[in-house]
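Pasting target.txt here (compact mmCIF, C-alpha atoms):
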# COMPACT_ATOMS: atom_id res chain seq x y z
CA MET C 1 134.27 51.21 91.35
CA THR C 2 137.66 52.56 92.34
CA ILE C 3 139.98 55.07 90.70
CA ASP C 4 143.69 55.19 91.58
CA VAL C 5 144.51 58.87 91.11
CA GLU C 6 148.11 59.16 89.94
CA ASP C 7 149.75 60.66 86.88
CA TYR C 8 151.20 58.73 83.95
CA PHE C 9 154.81 59.27 85.07
CA GLN C 10 154.24 57.80 88.54
CA VAL C 11 153.49 54.22 87.57
CA GLU C 12 155.70 51.43 88.90
CA ALA C 13 156.60 50.11 85.44
CA PHE C 14 158.32 53.43 84.63
CA ALA C 15 160.20 53.66 87.94
CA SER C 16 163.46 52.65 86.26
CA THR C 17 162.88 55.10 83.42
CA ILE C 18 161.57 58.29 85.06
CA ASP C 19 163.43 59.75 88.02
CA ARG C 20 161.24 60.92 90.90
CA LYS C 21 163.21 64.15 90.98
CA ASP C 22 161.79 64.96 87.54
CA TRP C 23 158.12 64.59 88.46
CA ASN C 24 157.62 68.31 89.06
CA HIS C 25 159.09 69.16 85.67
CA LEU C 26 156.94 66.82 83.57
CA PRO C 27 153.62 67.84 81.98
CA GLN C 28 150.89 67.00 84.50
CA ARG C 29 147.71 65.50 83.07
CA VAL C 30 146.15 63.93 86.15
CA GLU C 31 143.67 66.74 86.84
CA ARG C 32 142.12 66.85 83.38
CA ASN C 33 142.03 63.05 83.12
CA THR C 34 140.42 62.61 86.54
CA GLU C 35 137.86 65.26 85.70
CA ARG C 36 137.09 63.31 82.52
CA ILE C 37 136.38 60.21 84.60
CA LEU C 38 134.23 62.29 86.97
CA ASP C 39 132.18 63.49 84.00
CA ILE C 40 131.73 59.91 82.78
CA LEU C 41 130.65 58.74 86.23
CA ALA C 42 128.23 61.63 86.55
CA ALA C 43 126.62 60.78 83.22
CA SER C 44 126.03 57.23 84.49
CA ARG C 45 125.04 58.32 88.00
CA ALA C 46 127.66 55.94 89.38
CA GLN C 47 129.59 56.48 92.58
CA ALA C 48 133.19 55.44 93.20
CA THR C 49 136.07 55.56 95.65
CA PHE C 50 139.02 57.70 94.57
CA PHE C 51 142.34 56.57 96.04
CA VAL C 52 144.30 59.81 95.66
CA LEU C 53 148.05 60.26 96.01
CA GLY C 54 149.02 62.88 98.57
CA TRP C 55 151.40 64.24 95.92
CA VAL C 56 148.42 64.90 93.65
CA ALA C 57 146.22 66.34 96.41
CA GLN C 58 148.89 68.86 97.39
CA ARG C 59 149.08 70.19 93.85
CA HIS C 60 145.42 69.90 92.90
CA PRO C 61 143.25 70.53 96.01
CA GLY C 62 140.43 71.67 93.76
CA LEU C 63 140.31 68.18 92.27
CA VAL C 64 139.85 66.71 95.75
CA ARG C 65 136.94 69.07 96.34
CA ARG C 66 135.37 68.12 92.99
CA ILE C 67 135.58 64.42 93.88
CA LEU C 68 133.73 65.04 97.11
CA ALA C 69 131.23 67.46 95.59
CA ASP C 70 130.23 64.76 93.11
CA GLY C 71 129.42 62.38 95.96
CA HIS C 72 132.42 60.06 95.74
CA GLU C 73 134.56 58.68 98.56
CA LEU C 74 138.01 60.20 99.16
CA ALA C 75 140.65 57.63 100.15
CA SER C 76 144.44 57.42 100.29
CA HIS C 77 146.87 56.00 97.76
CA GLY C 78 149.85 56.95 99.92
CA SER C 79 151.97 60.06 99.62
CA ASP C 80 154.53 59.47 96.88
CA HIS C 81 153.62 56.14 95.24
CA MET C 82 156.19 54.17 97.20
CA ARG C 83 155.73 50.40 97.32
CA VAL C 84 154.94 49.22 100.84
CA ASP C 85 157.23 46.21 100.55
CA ARG C 86 160.19 48.54 99.97
CA LEU C 87 159.52 50.66 103.06
CA SER C 88 160.33 50.06 106.70
CA PRO C 89 157.34 50.09 109.07
CA GLU C 90 158.47 53.50 110.31
CA ALA C 91 158.72 54.94 106.80
CA PHE C 92 155.35 53.45 105.88
CA ARG C 93 153.75 55.00 108.95
CA ALA C 94 155.10 58.42 107.98
CA ASP C 95 153.83 57.97 104.41
CA VAL C 96 150.24 57.01 105.30
CA ARG C 97 150.06 59.57 108.10
CA GLN C 98 151.15 62.37 105.78
CA SER C 99 148.78 61.36 102.98
CA LYS C 100 145.85 61.16 105.40
CA HIS C 101 146.58 64.65 106.74
CA VAL C 102 146.97 66.14 103.26
CA LEU C 103 143.74 64.59 101.97
CA GLU C 104 141.72 65.49 105.04
CA ASP C 105 143.00 69.05 104.98
CA ALA C 106 142.13 69.40 101.29
CA GLY C 107 138.71 67.76 101.55
CA GLY C 108 137.57 68.44 105.09
CA VAL C 109 136.38 64.83 105.50
CA LEU C 110 137.62 61.78 107.37
CA VAL C 111 139.73 59.45 105.20
CA ARG C 112 139.11 55.81 106.11
CA GLY C 113 140.36 53.85 103.10
CA TYR C 114 143.82 53.06 101.75
CA ARG C 115 145.22 51.32 98.68
CA ALA C 116 148.89 50.48 98.46
CA PRO C 117 150.70 51.51 95.29
CA THR C 118 151.12 48.48 93.02
CA PHE C 119 149.02 46.39 95.44
CA SER C 120 152.18 45.96 97.47
CA ILE C 121 150.75 44.63 100.71
CA SER C 122 151.51 40.93 100.61
CA ARG C 123 152.82 38.27 102.98
CA ASP C 124 156.17 40.03 103.23
CA SER C 125 154.51 43.31 104.26
CA SER C 126 151.51 42.03 106.24
CA TRP C 127 152.66 44.20 109.17
CA ALA C 128 151.24 47.16 107.25
CA HIS C 129 147.68 46.43 108.35
CA ALA C 130 148.55 47.05 112.00
CA VAL C 131 150.13 50.39 111.05
CA LEU C 132 147.06 51.41 109.04
CA LEU C 133 144.79 50.58 111.97
CA GLU C 134 146.95 52.60 114.37
CA GLU C 135 146.91 55.56 111.97
CA GLY C 136 143.12 55.68 111.85
CA TYR C 137 142.27 53.75 108.69
CA SER C 138 139.25 51.42 108.67
CA TYR C 139 139.94 49.42 105.53
CA SER C 140 142.53 48.64 102.89
CA SER C 141 142.18 47.43 99.31
CA SER C 142 145.79 46.48 98.70
CA VAL C 143 145.93 42.69 98.30
CA TYR C 144 145.60 41.08 94.86
CA PRO C 145 145.06 37.30 95.09
CA LEU C 146 146.88 36.29 91.94
CA LYS C 147 150.37 35.71 90.60
CA HIS C 148 151.95 38.65 88.77
CA ASP C 149 155.55 39.71 88.18
CA LEU C 150 155.02 43.05 89.99
CA TYR C 151 152.57 42.08 92.74
CA GLY C 152 150.19 39.45 94.02
CA THR C 153 149.46 36.96 96.82
CA PRO C 154 147.84 33.93 95.14
CA GLY C 155 146.79 32.29 98.40
CA ALA C 156 145.00 35.32 99.83
CA PRO C 157 141.21 35.34 100.23
CA ARG C 158 139.20 36.57 97.26
CA THR C 159 136.55 38.34 99.33
CA ALA C 160 136.71 40.87 102.17
CA PHE C 161 138.37 39.70 105.37
CA ALA C 162 140.02 41.01 108.52
CA PRO C 163 143.78 40.32 108.50
CA ILE C 164 143.85 41.51 112.12
CA PRO C 165 140.97 42.56 114.39
CA GLY C 166 139.77 46.08 113.67
CA ILE C 167 140.54 46.56 109.96
CA VAL C 168 139.02 45.19 106.75
CA GLU C 169 141.04 44.13 103.71
CA VAL C 170 139.06 44.16 100.46
CA PRO C 171 141.06 42.25 97.84
CA LEU C 172 140.95 43.05 94.16
CA THR C 173 138.56 40.70 92.38
CA ALA C 174 139.80 37.49 90.82
CA VAL C 175 137.82 34.49 89.54
CA ARG C 176 138.93 30.92 90.20
CA ILE C 177 139.07 28.99 86.91
CA PHE C 178 140.74 25.58 86.68
CA ARG C 179 142.58 26.21 89.98
CA ILE C 180 143.99 29.51 88.69
CA ASN C 181 142.94 32.98 89.87
CA VAL C 182 142.05 35.06 86.80
CA PRO C 183 142.03 38.86 87.24
CA ALA C 184 138.62 40.50 86.94
CA SER C 185 139.41 43.89 88.44
CA GLY C 186 140.26 46.05 85.47
CA GLY C 187 143.46 48.04 85.14
CA GLY C 188 145.66 46.80 82.32
CA TYR C 189 143.54 43.67 81.97
CA PHE C 190 140.54 45.84 81.10
CA ARG C 191 142.43 47.02 78.04
CA LEU C 192 143.98 43.63 77.27
CA PHE C 193 140.91 41.39 77.55
CA PRO C 194 137.98 41.69 75.14
CA TYR C 195 135.17 43.58 76.84
CA ARG C 196 132.86 40.57 76.76
CA LEU C 197 135.42 38.58 78.75
CA THR C 198 135.64 41.29 81.40
CA ARG C 199 131.87 41.40 81.70
CA TRP C 200 131.69 37.60 81.96
CA LEU C 201 134.38 37.51 84.65
CA LEU C 202 132.56 40.14 86.70
CA ASP C 203 129.33 38.17 86.34
CA GLN C 204 131.10 35.04 87.55
CA ALA C 205 132.67 36.89 90.47
CA ASN C 206 129.31 38.24 91.64
CA ARG C 207 127.54 34.91 91.30
CA GLY C 208 130.34 32.82 92.75
CA SER C 209 131.02 34.81 95.91
CA GLY C 210 127.80 36.70 96.39
CA ALA C 211 129.97 39.70 97.24
CA PRO C 212 130.52 42.96 95.31
CA ALA C 213 133.30 42.91 92.73
CA VAL C 214 136.06 45.52 92.99
CA PHE C 215 137.13 47.24 89.78
CA TYR C 216 139.90 49.82 89.35
CA LEU C 217 141.14 52.25 86.75
CA HIS C 218 143.75 55.02 86.48
CA PRO C 219 143.06 58.48 85.05
CA TRP C 220 145.86 58.08 82.51
CA GLU C 221 143.99 55.11 81.00
CA VAL C 222 141.45 57.46 79.40
CA ASP C 223 144.24 59.56 77.87
CA PRO C 224 145.46 58.03 74.57
CA ASP C 225 147.48 61.18 73.84
CA ARG C 226 149.63 61.00 76.99
CA PRO C 227 153.40 61.45 76.46
CA ARG C 228 155.16 58.26 75.45
CA GLN C 229 158.21 56.91 77.28
CA HIS C 230 160.07 55.42 74.32
CA GLN C 231 163.08 54.52 76.46
CA ALA C 232 161.01 52.30 78.78
CA PRO C 233 161.25 48.49 78.55
CA VAL C 234 159.11 46.89 75.87
CA LEU C 235 156.86 45.11 78.37
CA SER C 236 156.23 48.33 80.28
CA ARG C 237 155.29 50.15 77.09
CA LEU C 238 152.97 47.33 76.08
CA ARG C 239 151.21 47.36 79.44
CA HIS C 240 150.66 51.09 79.53
CA TYR C 241 149.89 51.97 75.94
CA LEU C 242 147.85 48.96 74.79
CA ASN C 243 144.32 49.93 73.72
CA LEU C 244 144.29 53.29 75.52
CA GLY C 245 141.91 54.58 72.90
CA LEU C 246 139.33 51.93 73.86
CA THR C 247 139.22 52.55 77.61
CA GLU C 248 136.63 55.31 77.73
CA HIS C 249 134.22 53.48 75.43
CA ARG C 250 134.56 50.28 77.47
CA LEU C 251 134.16 52.17 80.74
CA ARG C 252 130.87 53.65 79.59
CA HIS C 253 129.61 50.16 78.73
CA LEU C 254 130.77 48.82 82.09
CA LEU C 255 128.96 51.55 83.98
CA GLY C 256 125.79 50.66 82.11
CA ASP C 257 126.08 46.89 82.52
CA PHE C 258 126.59 46.88 86.30
CA ARG C 259 125.69 48.99 89.31
CA TRP C 260 128.64 50.71 91.00
CA ALA C 261 129.07 52.24 94.45
CA ARG C 262 131.67 53.54 96.91
CA MET C 263 133.86 51.13 98.84
CA ASP C 264 132.93 52.49 102.26
CA ARG C 265 129.20 52.05 101.68
CA LEU C 266 129.61 48.49 100.43
CA PHE C 267 132.12 47.12 102.91
CA LEU C 268 131.88 49.21 106.08
CA HIS C 269 128.13 49.53 106.57
CA ASP C 270 128.05 46.66 109.10
CA GLY C 271 131.42 47.41 110.67
CA VAL C 272 134.56 45.30 110.69
CA GLU C 273 132.85 42.57 112.70
CA SER C 274 130.87 41.55 109.60
CA VAL C 275 133.89 40.05 107.83
CA PRO C 276 135.78 36.90 108.88
CA LEU C 277 139.09 37.14 110.71
CA ILE C 278 141.59 35.34 108.45
CA THR C 279 145.28 35.38 109.37
CA SER C 280 146.30 32.25 107.45
CA TRP C 281 146.63 34.21 104.19
CA MET C 282 150.18 34.99 105.36
CA ASP C 283 151.04 31.30 105.05
CA PRO C 284 152.55 30.63 101.57
CA LYS C 285 150.78 27.23 101.56
CA SER C 286 147.32 28.73 102.09
CA ARG C 287 144.77 28.60 99.29
CA SER C 288 142.40 31.32 98.11
CA ARG C 289 138.91 31.31 99.56
Rewritten as structure tokens:
Amino acid sequence: MTIDVEDYFQVEAFASTIDRKDWNHLPQRVERNTERILDILAASRAQATFFVLGWVAQRHPGLVRRILADGHELASHGSDHMRVDRLSPEAFRADVRQSKHVLEDAGGVLVRGYRAPTFSISRDSSWAHAVLLEEGYSYSSSVYPLKHDLYGTPGAPRTAFAPIPGIVEVPLTAVRIFRINVPASGGGYFRLFPYRLTRWLLDQANRGSGAPAVFYLHPWEVDPDRPRQHQAPVLSRLRHYLNLGLTEHRLRHLLGDFRWARMDRLFLHDGVESVPLITSWMDPKSRSR
């Protein structure tokens, strides 16, 4: 179980609608929404990894401490929600270094995990893994092996692998059906798909690969009363407002139907040597494994 801790105005689909310079002046709801998710997880005795933006940690250090006090893993979502594929290697290094320092200062623990905003590590930004390794990260969960208009690398492996020696990449979960990778990782699809379909896809993922499935959610997805961006494109509004009122109910069911744990305890317990070294995912002709 993973939570991408960002506020409603920081999502990629609203990047053309909300200016970054206005972030500090908008009503912030990330703390209350994340605490709501923490309460839900506590009631189910489930553990999760929280990929927290440095921007959020700087403004809400108490939230970082609550995440850790509840027994969850603290990981990085970058500093300012900048897509990796729009940064130079030097700018990316500065971003992940800063976020790691901010999170570790706030929480007093070592941060080993990273998730790129908008799953933006793909073939065009595969250099990012080397930077993460050099900056002290042990794993990433930034590759989504499907085709999407905002992200995705359809030919990438569907289970954990080492893109280079020394670091693990844990892709978001997708199920192969009729030669197509179908998303089974949550997010907007959790609100779009009927709950029974999500549960079936997760069952298929676990049985097919024998590996843990990776699910993700944002704090704003349990907040049906969040401010609306009426000027945003229709597709963006559909993605971000569809079935918000159902998320919490579905999440409670999901936590009861499956067992959930932290990323580090599932994928790092045997070290990076326990996953296969796969570099061919960078080849556009490669097929998902």
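Omitting segment 47-53 of chain C and its sequence neighbours fewer than 6 positions away, and counting only C-alpha atoms, the residues within 6 Å are Met1, Thr2, Ile3, Asp4, Val5, His72, Glu73, Leu74, Ala75, Ser76, His77, Gly78, Ser79, Ala261, Arg262 and Met263 of chain C.
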Check your understanding: Which polymer residues, protein or nucleic acid, are no farther than 12 Å from (139.5, 46.7, 114.9), counting only C-alpha atoms, as a ChimeraX atom specification?
Key -> /C:129-139,161-169,268,271-275,277
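Minimum distance to Leu68 of chain C across C:Trp220, C:Ala106, C:Phe215, C:Arg83 (counting all atoms listed in the file) occurs at C:Ala106.
Distances from C:Ala91, C:Ala46, C:Val170, C:Leu146 to Arg115 of chain C were compared using all atoms listed in the file, and the smallest one belongs to C:Val170.
You can rank C:Arg179, C:His253, C:Arg123, C:Lys100 by their closest distance to Thr198 of chain C using only C-alpha atoms, and at the top of that list sits C:His253.
The coordinates place atom CA of Val102 of chain C at 13.5 Å from atom CA of Tyr114 of chain C.
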Listed atoms of segment 244-255 of chain C boxed axis-aligned with 8 Å per side, centre + edges as AutoDock Vina command-line options:
--center_x 136.6 --center_y 52.1 --center_z 78.4 --size_x 31.3 --size_y 22.5 --size_z 27.1
Practice item. Mind checking which residues fall within 10 Å of Arg176 of chain C, counting all atoms listed in the file, ignoring those fewer than 6 positions away in the same chain, and posting them as number ranges by chain? Key: C: 146, 158, 182-183, 201, 204-205, 208, 288-289
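You can rank C:Met282, C:Pro157, C:His240, C:Arg228 by their closest distance to Leu26 of chain C using only C-alpha atoms, and at the top of that list sits C:Arg228.
When only C-alpha atoms are used to compute distances to Trp23 of chain C, the closest of the residues C:Leu41, C:Val111, C:Val56, C:Ala160 turns out to be C:Val56.
Using only C-alpha atoms, the smallest distance between any of C:Phe258, C:Tyr241, C:Trp281, C:Phe178 and Ser126 of chain C comes from C:Trp281.
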Exercise for review: Would you list the contacts of Ser125 of chain C as a PyMOL selection string, taking every protein, DNA or RNA residue within 9 Å and counting only C-alpha atoms, but skipping same-chain residues closer than 2 positions in sequence?
Suggested key: chain C and resi 84-87+89+120-123+127-129
Print the selection's residues with C-alpha atoms to a file, as an mmCIF file, in the coordinates of the input.
data_model
loop_
_atom_site.group_PDB
_atom_site.id
_atom_site.type_symbol
_atom_site.label_atom_id
_atom_site.label_comp_id
_atom_site.auth_asym_id
_atom_site.auth_seq_id
_atom_site.Cartn_x
_atom_site.Cartn_y
_atom_site.Cartn_z
ATOM 1 C CA VAL C 84 154.940 49.220 100.840
ATOM 2 C CA ASP C 85 157.230 46.210 100.550
ATOM 3 C CA ARG C 86 160.190 48.540 99.970
ATOM 4 C CA LEU C 87 159.520 50.660 103.060
ATOM 5 C CA PRO C 89 157.340 50.090 109.070
ATOM 6 C CA SER C 120 152.180 45.960 97.470
ATOM 7 C CA ILE C 121 150.750 44.630 100.710
ATOM 8 C CA SER C 122 151.510 40.930 100.610
ATOM 9 C CA ARG C 123 152.820 38.270 102.980
ATOM 10 C CA TRP C 127 152.660 44.200 109.170
ATOM 11 C CA ALA C 128 151.240 47.160 107.250
ATOM 12 C CA HIS C 129 147.680 46.430 108.350
#
**Study point:** For Gly187 of chain C: contacts at 8 Å, all atoms listed in the file, fewer than 3 positions along chain excluded, given as a PyMOL selection string
**Key:** chain C and resi 190-191+215-218
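Note that the spacing between atom CA of Glu35 of chain C and atom CA of Leu103 of chain C amounts to 17.3 Å.
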Point to revise | Distance query segment 242-250 of chain C at most 8 Å, only C-alpha atoms, self and fewer than 4 positions along chain excluded, as a VMD selection string | key: chain C and resid 190 to 192 195 221 to 224 237 to 238 254
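Here atom CA of His101 of chain C and atom CA of Phe9 of chain C stand 23.8 Å from one another.
Residues of protein, DNA or RNA having at least one counted atom within 10 Å of (155.2, 56.8, 96.3), given all atoms listed in the file, are Glu6, Gln10, Val11, Glu12, Arg20, Leu53, Gly54, Trp55, His77, Gly78, Ser79, Asp80, His81, Met82, Arg83, Val84, Asp95, Ala116, Pro117 and Thr118 of chain C.
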